[in-house]
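Below is the file input-v8.cif, which contains mmCIF, C-alpha atoms and all ligand atoms.
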data_structure
loop_
_atom_site.label_atom_id
_atom_site.label_comp_id
_atom_site.auth_asym_id
_atom_site.auth_seq_id
_atom_site.Cartn_x
_atom_site.Cartn_y
_atom_site.Cartn_z
CA MET A 4 -19.52 10.86 -14.81
CA LYS A 5 -19.45 13.43 -17.59
CA GLN A 6 -16.16 12.18 -18.94
CA SER A 7 -16.06 12.57 -22.71
CA LYS A 8 -15.74 9.46 -24.80
CA SER A 9 -13.15 11.04 -27.01
CA CYS A 10 -10.89 11.26 -24.00
CA ILE A 11 -11.32 7.68 -22.85
CA ILE A 12 -11.27 5.72 -26.07
CA PRO A 13 -7.84 6.69 -27.43
CA LEU A 14 -6.28 6.11 -24.03
CA LEU A 15 -7.49 2.55 -23.86
CA ALA A 16 -7.03 1.84 -27.54
CA THR A 17 -3.36 2.82 -27.60
CA GLY A 18 -2.66 1.06 -24.32
CA ALA A 19 -0.96 4.19 -23.00
CA ALA A 20 -0.91 4.59 -19.24
CA ALA A 21 -4.06 6.36 -18.15
CA GLN A 22 -3.74 9.59 -16.20
CA VAL A 23 -3.84 8.71 -12.50
CA VAL A 24 -6.26 10.88 -10.54
CA LYS A 25 -5.69 10.49 -6.81
CA PRO A 26 -7.25 12.04 -3.69
CA ALA A 27 -5.66 15.39 -2.76
CA ASN A 28 -4.61 14.10 0.67
CA PHE A 29 -2.89 10.98 -0.70
CA VAL A 30 0.65 12.39 -0.32
CA PRO A 31 3.89 11.53 1.53
CA GLY A 32 3.58 11.75 5.31
CA VAL A 33 -0.20 11.17 5.37
CA LYS A 34 -1.34 9.44 8.57
CA TRP A 35 -2.42 5.85 8.02
CA GLN A 36 -3.56 2.68 9.72
CA ILE A 37 -3.22 -0.94 8.68
CA ASP A 38 -5.28 -3.79 10.08
CA ILE A 39 -5.33 -6.91 7.96
CA MET A 40 -5.38 -9.46 10.73
CA ALA A 41 -8.95 -9.02 11.94
CA SER A 42 -12.05 -7.18 10.73
CA LEU A 43 -12.67 -3.69 12.08
CA ASP A 44 -15.31 -3.66 14.81
CA ILE A 45 -17.69 -0.95 13.68
CA THR A 46 -19.91 -1.42 16.74
CA LYS A 47 -17.15 0.22 18.83
CA THR A 48 -15.77 3.74 18.74
CA LEU A 49 -13.47 4.07 15.75
CA THR A 50 -9.94 5.32 16.39
CA PRO A 51 -7.79 7.02 15.13
CA THR A 52 -10.17 9.19 13.12
CA ASP A 53 -7.33 11.41 11.91
CA ALA A 54 -5.81 8.56 9.90
CA LEU A 55 -6.69 9.35 6.29
CA VAL A 56 -5.47 6.11 4.67
CA TRP A 57 -6.62 2.68 5.91
CA ASP A 58 -5.13 -0.57 4.60
CA LEU A 59 -7.70 -3.33 5.22
CA ASP A 60 -8.12 -6.90 4.01
CA LEU A 61 -10.14 -7.14 0.78
CA TYR A 62 -11.91 -10.29 1.95
CA HIS A 63 -12.81 -8.92 5.37
CA LEU A 64 -14.49 -6.12 3.46
CA GLN A 65 -16.23 -8.44 1.00
CA ARG A 66 -17.73 -10.22 4.01
CA HIS A 67 -18.61 -6.94 5.74
CA PRO A 68 -18.98 -4.12 3.22
CA ASP A 69 -20.64 -2.05 5.94
CA ILE A 70 -17.13 -1.49 7.31
CA ILE A 71 -16.41 0.66 4.25
CA THR A 72 -19.62 2.65 4.64
CA THR A 73 -18.97 3.25 8.34
CA LEU A 74 -15.34 4.25 7.81
CA ARG A 75 -16.37 6.76 5.14
CA SER A 76 -19.07 8.22 7.35
CA LYS A 77 -16.67 8.70 10.28
CA ILE A 78 -13.67 9.91 8.28
CA PRO A 79 -14.57 12.15 5.35
CA ASN A 80 -12.07 11.82 2.48
CA VAL A 81 -10.59 8.58 3.84
CA SER A 82 -8.73 6.43 1.30
CA ILE A 83 -9.35 2.72 1.74
CA ILE A 84 -6.56 0.51 0.44
CA CYS A 85 -7.59 -3.10 -0.02
CA TYR A 86 -4.96 -5.67 0.82
CA PHE A 87 -4.87 -9.02 -0.89
CA ASN A 88 -2.33 -11.77 -1.10
CA ALA A 89 -1.19 -11.64 -4.73
CA GLY A 90 1.71 -14.05 -4.48
CA LEU A 91 -0.23 -16.82 -2.75
CA ALA A 92 -3.76 -18.14 -2.43
CA GLN A 93 -5.14 -19.10 0.96
CA PRO A 94 -8.33 -20.74 2.31
CA SER A 95 -9.58 -17.52 3.94
CA ASP A 96 -9.75 -15.77 0.53
CA CYS A 97 -13.30 -15.44 -0.82
CA ASP A 98 -12.14 -16.86 -4.18
CA TRP A 99 -10.37 -19.90 -2.70
CA ASP A 100 -13.22 -22.40 -3.23
CA THR A 101 -14.79 -20.73 -6.24
CA VAL A 102 -11.56 -20.22 -8.17
CA TRP A 103 -8.27 -21.64 -6.89
CA GLN A 104 -9.70 -25.01 -5.84
CA LYS A 105 -11.27 -25.67 -9.22
CA PRO A 106 -9.67 -28.70 -10.91
CA GLU A 107 -8.57 -26.63 -13.92
CA TYR A 108 -6.69 -24.14 -11.74
CA LYS A 109 -5.13 -26.42 -9.14
CA SER A 110 -1.91 -26.72 -11.17
CA LEU A 111 -1.45 -22.96 -10.69
CA LEU A 112 -0.69 -23.54 -7.00
CA GLY A 113 2.77 -24.61 -5.88
CA ASN A 114 4.64 -24.90 -2.62
CA SER A 115 3.40 -23.81 0.79
CA TYR A 116 4.61 -20.65 2.48
CA ASP A 117 6.79 -21.11 5.55
CA PRO A 118 5.05 -21.95 8.86
CA PRO A 119 2.92 -20.58 10.48
CA PHE A 120 1.45 -19.61 7.11
CA SER A 121 1.71 -23.02 5.44
CA GLU A 122 -1.96 -23.01 4.41
CA GLU A 123 -0.93 -20.42 1.82
CA LYS A 124 0.22 -21.73 -1.57
CA TRP A 125 2.44 -19.84 -4.00
CA ILE A 126 0.72 -18.96 -7.27
CA ASN A 127 2.41 -19.52 -10.63
CA ILE A 128 2.15 -15.85 -11.59
CA ARG A 129 4.11 -16.50 -14.81
CA ASN A 130 0.96 -18.13 -16.19
CA THR A 131 -1.36 -15.62 -17.88
CA THR A 132 -4.47 -17.40 -16.57
CA ALA A 133 -3.19 -16.81 -13.03
CA ILE A 134 -2.60 -13.13 -13.85
CA ASP A 135 -6.18 -12.88 -15.16
CA LEU A 136 -7.50 -14.39 -11.92
CA LEU A 137 -5.55 -11.80 -9.94
CA LYS A 138 -6.87 -9.02 -12.18
CA ASN A 139 -10.32 -10.12 -11.05
CA ARG A 140 -9.32 -9.32 -7.48
CA VAL A 141 -8.39 -5.79 -8.54
CA THR A 142 -11.80 -5.38 -10.19
CA THR A 143 -13.49 -6.78 -7.07
CA ALA A 144 -11.71 -4.12 -5.02
CA ALA A 145 -13.00 -1.33 -7.27
CA ASN A 146 -16.54 -2.70 -7.22
CA LEU A 147 -16.46 -3.00 -3.45
CA GLY A 148 -15.57 0.68 -3.08
CA CYS A 149 -11.83 0.52 -2.36
CA ASP A 150 -9.62 3.45 -3.38
CA GLY A 151 -6.55 1.32 -3.97
CA VAL A 152 -5.06 -2.15 -3.73
CA ASP A 153 -2.06 -3.50 -1.81
CA PRO A 154 -1.02 -6.77 -3.49
CA ASP A 155 1.21 -8.62 -1.02
CA ASN A 156 4.01 -11.13 -1.44
CA ILE A 157 5.44 -10.08 -4.77
CA ASP A 158 8.89 -11.34 -3.80
CA GLY A 159 8.45 -15.03 -4.60
CA TYR A 160 11.66 -14.74 -6.67
CA SER A 161 13.53 -15.25 -3.39
CA ALA A 162 11.32 -18.12 -2.17
CA ASP A 163 10.94 -21.76 -3.09
CA THR A 164 7.63 -21.35 -4.91
CA GLY A 165 7.89 -24.54 -6.96
CA PHE A 166 7.84 -22.53 -10.20
CA ASN A 167 11.29 -20.92 -10.23
CA LEU A 168 9.74 -17.47 -10.57
CA ASN A 169 12.10 -14.55 -11.18
CA GLN A 170 12.02 -10.78 -10.68
CA GLN A 171 10.90 -10.21 -14.26
CA ASP A 172 7.84 -12.41 -13.67
CA TYR A 173 6.76 -10.25 -10.72
CA ILE A 174 7.50 -7.01 -12.60
CA LYS A 175 5.23 -8.21 -15.39
CA LEU A 176 2.52 -9.19 -12.88
CA MET A 177 2.59 -5.78 -11.21
CA THR A 178 2.70 -3.73 -14.42
CA THR A 179 -0.25 -5.77 -15.73
CA LEU A 180 -2.23 -5.29 -12.51
CA ALA A 181 -1.38 -1.57 -12.63
CA THR A 182 -2.85 -1.29 -16.12
CA THR A 183 -6.02 -2.96 -14.82
CA ALA A 184 -6.20 -0.73 -11.73
CA HIS A 185 -5.53 2.47 -13.62
CA GLY A 186 -8.27 1.61 -16.10
CA LEU A 187 -10.80 1.52 -13.27
CA LYS A 188 -12.60 4.39 -11.66
CA THR A 189 -13.30 4.35 -7.92
CA LYS A 190 -16.72 5.08 -6.51
CA ARG A 191 -15.31 8.47 -5.44
CA GLY A 192 -14.40 9.21 -9.06
CA ASN A 193 -10.64 8.80 -8.81
CA THR A 194 -8.31 6.24 -10.37
CA LEU A 195 -7.97 2.93 -8.51
CA LEU A 196 -4.47 3.14 -6.98
CA ILE A 197 -2.01 0.27 -6.65
CA GLY A 198 1.04 -0.06 -4.43
CA GLN A 199 4.31 -1.93 -4.12
CA LYS A 200 4.72 -4.19 -1.05
CA ASN A 201 8.36 -4.57 0.03
CA ALA A 202 10.49 -6.20 -2.73
CA PRO A 203 13.17 -3.46 -2.88
CA GLU A 204 14.81 -5.17 -5.87
CA LEU A 205 11.81 -4.16 -7.98
CA VAL A 206 11.70 -0.43 -7.15
CA SER A 207 13.61 0.75 -10.20
CA SER A 208 11.15 -1.05 -12.49
CA LEU A 209 7.96 -0.20 -10.62
CA ASN A 210 8.29 3.25 -9.01
CA SER A 211 7.07 5.14 -12.06
CA VAL A 212 4.19 2.69 -12.61
CA LEU A 213 2.76 2.27 -9.09
CA ASP A 214 1.21 4.88 -6.78
CA PHE A 215 2.54 4.15 -3.27
CA ALA A 216 4.53 1.60 -1.28
CA VAL A 217 3.97 -0.39 1.93
CA LEU A 218 7.12 -1.51 3.74
CA GLU A 219 7.83 -3.83 6.64
CA ASP A 220 11.00 -3.69 8.72
CA CYS A 221 12.85 -1.59 6.14
CA LYS A 222 15.28 -0.48 8.85
CA ASN A 223 16.16 -4.15 9.44
CA LEU A 224 15.97 -3.68 13.20
CA ARG A 225 15.44 -7.43 13.52
CA ASN A 226 19.01 -7.78 12.28
CA GLU A 227 18.17 -10.67 10.05
CA ALA A 228 20.22 -11.62 7.02
CA ASP A 229 18.29 -9.04 4.99
CA ARG A 230 19.64 -5.55 4.58
CA ALA A 231 18.01 -2.24 5.44
CA PHE A 232 16.14 -1.00 2.39
CA CYS A 233 14.16 2.15 3.27
CA ALA A 234 16.30 4.38 1.04
CA ASP A 235 15.52 2.30 -2.03
CA PHE A 236 11.97 3.68 -1.89
CA GLN A 237 12.86 7.40 -2.02
CA PRO A 238 11.96 7.49 -5.76
CA TYR A 239 8.32 7.15 -4.65
CA ILE A 240 8.64 10.17 -2.32
CA THR A 241 10.29 12.19 -5.09
CA GLN A 242 7.19 11.64 -7.20
CA ASN A 243 4.89 12.72 -4.33
CA LYS A 244 3.76 9.12 -3.74
CA PRO A 245 3.38 8.07 -0.08
CA VAL A 246 5.52 5.34 1.49
CA PHE A 247 3.79 3.59 4.39
CA SER A 248 6.32 2.01 6.70
CA ILE A 249 5.88 -0.48 9.54
CA GLU A 250 8.42 -1.38 12.20
CA TYR A 251 7.82 -4.19 14.70
CA PRO A 252 9.36 -3.48 18.14
CA THR A 253 8.98 -6.42 20.56
CA SER A 254 8.28 -4.13 23.55
CA LEU A 255 4.99 -2.89 22.10
CA ARG A 256 3.44 -6.13 23.35
CA ASN A 257 1.80 -6.63 26.73
CA LYS A 258 0.26 -10.09 26.77
CA ASN A 259 -2.21 -9.13 29.50
CA SER A 260 -3.78 -6.19 27.67
CA PRO A 261 -6.58 -6.09 25.10
CA GLN A 262 -5.16 -7.09 21.70
CA GLN A 263 -1.89 -7.68 23.59
CA CYS A 264 -1.16 -3.98 23.24
CA ASN A 265 1.17 -2.19 25.64
CA THR A 266 -0.55 1.18 25.85
CA SER A 267 2.67 2.67 27.23
CA GLY A 268 4.21 2.02 23.83
CA ALA A 269 7.57 0.60 22.88
CA ASN A 270 10.43 1.06 25.34
CA SER A 271 12.75 4.00 24.94
CA ALA A 272 15.50 2.30 22.95
CA GLN A 273 13.08 0.55 20.58
CA TYR A 274 10.87 3.60 20.18
CA THR A 275 13.85 5.70 19.19
CA ALA A 276 15.28 3.12 16.81
CA SER A 277 11.90 2.41 15.20
CA CYS A 278 10.56 5.94 14.97
CA GLU A 279 13.52 8.05 13.88
CA ILE A 280 12.77 9.63 10.53
CA ASP A 281 15.22 11.59 8.37
CA SER A 282 14.48 15.30 8.39
CA ALA A 283 15.88 15.82 4.91
CA VAL A 284 16.36 13.90 1.73
CA GLY A 285 19.56 11.87 1.70
CA GLY A 286 19.56 11.13 5.45
CA LYS A 287 21.25 8.01 6.78
CA ARG A 288 17.99 6.16 7.47
CA GLY A 289 16.56 6.68 4.00
CA ASN A 290 13.04 7.23 5.30
CA PHE A 291 12.52 10.96 4.67
CA LYS A 292 8.78 11.72 4.60
CA PHE A 293 7.72 8.11 5.25
CA SER A 294 4.42 7.50 7.10
CA GLU A 295 5.90 5.50 9.97
CA ILE A 296 3.97 3.30 12.43
CA LEU A 297 4.83 0.60 14.96
CA LYS A 298 2.96 -2.70 15.18
CA LEU A 299 3.14 -5.89 17.23
CA ARG A 300 5.85 -8.25 16.14
CA ASP A 301 4.82 -11.88 15.74
CA GLY A 302 6.06 -13.75 18.77
CA ALA A 303 8.10 -16.92 19.06
CA ASP A 304 5.06 -19.01 19.91
CA GLU A 305 1.29 -18.95 19.48
CA SER A 306 0.69 -17.15 22.77
CA GLU A 307 2.19 -14.05 21.15
CA HIS A 308 0.01 -13.15 18.23
CA GLY A 309 -1.63 -10.16 16.66
CA GLU A 310 0.82 -8.87 14.07
CA LEU A 311 -1.06 -6.20 12.08
CA ASN A 312 -4.04 -6.16 14.43
CA GLY A 313 -5.40 -2.93 15.94
CA CYS A 314 -2.43 -2.23 18.23
CA THR A 315 -0.48 0.69 16.83
CA GLN A 316 1.98 3.30 18.03
CA TYR A 317 2.29 6.44 15.96
CA CYS A 318 5.72 8.01 15.69
CA GLY A 319 6.37 11.69 16.20
CA GLN A 320 4.49 12.15 19.48
CA GLY A 321 7.26 10.99 21.78
CA GLN A 322 8.10 7.82 23.69
CA GLY A 323 5.14 6.49 25.70
CA LYS A 324 2.70 8.40 23.52
CA GLY A 325 0.69 7.89 20.34
CA VAL A 326 -0.61 4.37 21.12
CA VAL A 327 -4.05 3.52 19.79
CA VAL A 328 -5.93 0.25 19.86
CA THR A 329 -8.23 0.22 16.86
CA PRO A 330 -11.22 -1.99 17.71
CA VAL A 331 -11.33 -5.30 15.83
CA ASN A 332 -13.54 -8.37 15.96
CA GLU A 333 -11.90 -11.54 14.71
CA GLU A 334 -15.11 -13.51 15.37
CA ILE A 335 -16.57 -12.19 12.11
CA ASP A 336 -13.51 -12.82 9.89
CA GLY A 337 -14.89 -16.13 8.64
CA ASP A 338 -18.43 -14.97 7.91
CA GLU A 339 -19.99 -15.69 4.55
CA CYS A 340 -18.51 -13.93 1.51
CA LYS A 341 -21.10 -11.67 -0.07
CA PRO A 342 -21.46 -11.30 -3.82
CA VAL A 343 -19.97 -8.05 -5.11
CA SER A 344 -22.10 -6.12 -7.53
CA LYS A 345 -20.63 -4.05 -10.32
CA SER A 346 -20.61 -0.36 -9.59
CA PHE A 347 -22.40 1.91 -12.02
CA LYS A 348 -19.36 4.06 -12.75
CA LEU A 349 -17.35 1.02 -13.66
CA MET A 350 -19.97 -0.12 -16.12
CA ALA A 351 -20.18 3.33 -17.64
CA ARG A 352 -16.46 3.31 -18.25
CA GLU A 353 -16.41 -0.19 -19.70
CA PHE A 354 -19.28 0.78 -21.94
CA ALA A 355 -17.40 3.84 -23.16
CA ALA A 356 -14.44 1.65 -24.07
C1 LIG B 1 -12.51 16.59 1.51
O1 LIG B 1 -11.82 16.86 0.30
C2 LIG B 1 -12.35 17.97 -0.40
C3 LIG B 1 -11.64 18.03 -1.73
O2 LIG B 1 -10.26 17.98 -1.57
C4 LIG B 1 -12.18 19.21 0.46
O3 LIG B 1 -12.72 20.32 -0.19
C5 LIG B 1 -12.90 19.00 1.79
O4 LIG B 1 -12.63 20.09 2.64
C6 LIG B 1 -12.42 17.74 2.47
N1 LIG B 1 -13.23 17.47 3.65
C7 LIG B 1 -12.71 17.21 4.84
C8 LIG B 1 -13.67 17.01 5.95
O5 LIG B 1 -11.50 17.08 5.01
C1 LIG B 2 -1.73 -21.78 -17.47
O1 LIG B 2 -2.66 -22.36 -16.60
C2 LIG B 2 -3.82 -22.81 -17.25
C3 LIG B 2 -4.82 -23.21 -16.17
O2 LIG B 2 -4.28 -24.15 -15.30
C4 LIG B 2 -3.42 -23.94 -18.21
O3 LIG B 2 -4.59 -24.39 -18.88
C5 LIG B 2 -2.41 -23.41 -19.21
O4 LIG B 2 -1.95 -24.45 -20.03
C6 LIG B 2 -1.24 -22.77 -18.51
N1 LIG B 2 -0.41 -22.08 -19.50
C7 LIG B 2 0.87 -22.36 -19.64
C8 LIG B 2 1.58 -21.58 -20.71
O5 LIG B 2 1.46 -23.19 -18.99
C1 LIG B 3 5.06 -1.56 28.52
O1 LIG B 3 5.84 -0.47 28.08
C2 LIG B 3 6.55 0.17 29.11
C3 LIG B 3 7.20 1.41 28.51
O2 LIG B 3 7.79 1.13 27.28
C4 LIG B 3 7.56 -0.79 29.71
O3 LIG B 3 8.27 -0.18 30.75
C5 LIG B 3 6.79 -2.00 30.24
O4 LIG B 3 7.71 -2.96 30.71
C6 LIG B 3 5.92 -2.62 29.15
N1 LIG B 3 5.08 -3.64 29.71
C7 LIG B 3 5.17 -4.93 29.34
C8 LIG B 3 4.23 -5.86 30.01
O5 LIG B 3 5.97 -5.33 28.53
#

In structure tokens, what does this structure look like?
Amino acid sequence: MKQSKSCIIPLLATGAAAQVVKPANFVPGVKWQIDIMASLDITKTLTPTDALVWDLDLYHLQRHPDIITTLRSKIPNVSIICYFNAGLAQPSDCDWDTVWQKPEYKSLLGNSYDPPFSEEKWINIRNTTAIDLLKNRVTTAANLGCDGVDPDNIDGYSADTGFNLNQQDYIKLMTTLATTAHGLKTKRGNTLLIGQKNAPELVSSLNSVLDFAVLEDCKNLRNEADRAFCADFQPYITQNKPVFSIEYPTSLRNKNSPQQCNTSGANSAQYTASCEIDSAVGGKRGNFKFSEILKLRDGADESEHGELNGCTQYCGQGQGKGVVVTPVNEEIDGDECKPVSKSFKLMAREFAA
């Protein structure tokens, strides 16, 4: 609060990157949880309380800001990363009706994402108006009390978006959003952090600008046409920035259990393949110091669902161990979006500028 004006003004005036102040525990290997599929159920016992970074959906939190308050009361020093879909807009977003469906913005939306996510429409992020609208989401996150943002789907350069977007377009989007985030102060008094989601092709341009990364299937255990890409993200680790990594073993699912979670964990072969972490830099897996977790893999049909719900197996505790089922309540996901008021610290900083 007592930041001197002489410090802030030149920083903003010259456009130089602001000094990023992050929580002391926000470092490689930190234990984390991600649940963007359904809202946390704060009426139930929260678990795991030793996870110090939580990646939650921005618009679940805008509907239920008490989730943030509860999480902070149960886990002192927790960092809350707020996920939003940056590459696409979707009806469940709180700004869908108020922003993206406005007649003047409808031309910013292009093709649908692949099923089952075809309600989501690619955004023309080359357009500066679209970038401004996404900057608003970053500001919303800060006002809501998030410690960071996780903008998803920044790899539309390899999709049929309808706008022929390229890597440079997404690099510009992310560097612009990073300037916005780093100009904002969190309610805890740190810098609002911003991460890179997948998109290994962009690491060389973004690793010095962004503060962490969130990866899915970087070991390519699904053996799809993609390649394994964990090692591409080591530049983040080198700079003491955490890399949060998710693998999706099929055997973590038990359809008959709550949240379809097999509390015995992934089977031996899949546990080993998913959880192995390099013990030194330069290892063959490329995931030295990653924060590795296992989640349900989306099934072939609708009866198998739940990807990125509360079902999680933590690596490092051995096969059959480390499974937690974080309580969620999807019944409240569609509740009314609450207005977000500006935080005092934010206003103080804007005023100083
Ligand atoms: C929270 O962080 C502060 C500052 O790093 C530290 O002094 C304190 O011990 C931490 N509290 C807990 C409960 O970890
Ligand atoms: C960007 O989108 C806005 C809003 O739809 C539109 O008015 C503007 O002309 C677009 N800019 C460019 C350069 O296409
Ligand atoms: C649950 O996991 C255990 C151990 O990995 C496995 O033996 C069992 O078959 C799984 N259960 C289901 C229903 O898949």

May I ask you to write as an mmCIF file with C-alpha atoms, in the frame of the given file all residues lying at most 12 Å from ligand LIG 1 (chain B), with all atoms listed in the file counted?
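What follows is the written file out.cif:
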data_model
loop_
_atom_site.group_PDB
_atom_site.id
_atom_site.type_symbol
_atom_site.label_atom_id
_atom_site.label_comp_id
_atom_site.auth_asym_id
_atom_site.auth_seq_id
_atom_site.Cartn_x
_atom_site.Cartn_y
_atom_site.Cartn_z
ATOM 1 C CA LYS A 25 -5.690 10.490 -6.810
ATOM 2 C CA PRO A 26 -7.250 12.040 -3.690
ATOM 3 C CA ALA A 27 -5.660 15.390 -2.760
ATOM 4 C CA ASN A 28 -4.610 14.100 0.670
ATOM 5 C CA PHE A 29 -2.890 10.980 -0.700
ATOM 6 C CA THR A 52 -10.170 9.190 13.120
ATOM 7 C CA ASP A 53 -7.330 11.410 11.910
ATOM 8 C CA ALA A 54 -5.810 8.560 9.900
ATOM 9 C CA LEU A 55 -6.690 9.350 6.290
ATOM 10 C CA ARG A 75 -16.370 6.760 5.140
ATOM 11 C CA SER A 76 -19.070 8.220 7.350
ATOM 12 C CA LYS A 77 -16.670 8.700 10.280
ATOM 13 C CA ILE A 78 -13.670 9.910 8.280
ATOM 14 C CA PRO A 79 -14.570 12.150 5.350
ATOM 15 C CA ASN A 80 -12.070 11.820 2.480
ATOM 16 C CA VAL A 81 -10.590 8.580 3.840
ATOM 17 C CA SER A 82 -8.730 6.430 1.300
ATOM 18 C CA ARG A 191 -15.310 8.470 -5.440
ATOM 19 C CA GLY A 192 -14.400 9.210 -9.060
ATOM 20 C CA ASN A 193 -10.640 8.800 -8.810
#

- Message: For a test of reading the model, state the distance in Å between atom CA of A:Gly113 and atom CA of A:Asn127, rounded to one decimal.
- Response: 7.0 Å

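Among the candidates A:Gln322, A:Asn139, A:Gln237, A:Gln104, the residue lying nearest to A:Ser271 is A:Gln322 (atoms considered: all atoms listed in the file).
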
- Counting only C-alpha atoms, find the residues whose atoms lie at most 10 Å from (-7.0, -7.4, 9.8) (file coordinates) and write them out as a ChimeraX atom specification. /A:37-43,58-64,86,309-313,331-333,336

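With all atoms listed in the file as the atoms that count, the residue of A:Tyr173, A:Tyr274, A:Tyr116, A:Phe166 with the shortest distance to ligand LIG 2 (chain B) is A:Phe166.
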
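Distances here use all atoms listed in the file; by that measure, the residue among A:Asp135, A:Asp301, A:Glu122, A:Asp44 closest to ligand LIG 2 (chain B) is A:Asp135.
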
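Straight-line separation from atom CA of A:Phe215 to atom CA of A:Pro245: 5.1 Å.
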
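For the atom pair formed by atom CA of A:Asn156 and atom CA of A:Val217, the distance is 11.3 Å, given to one decimal.
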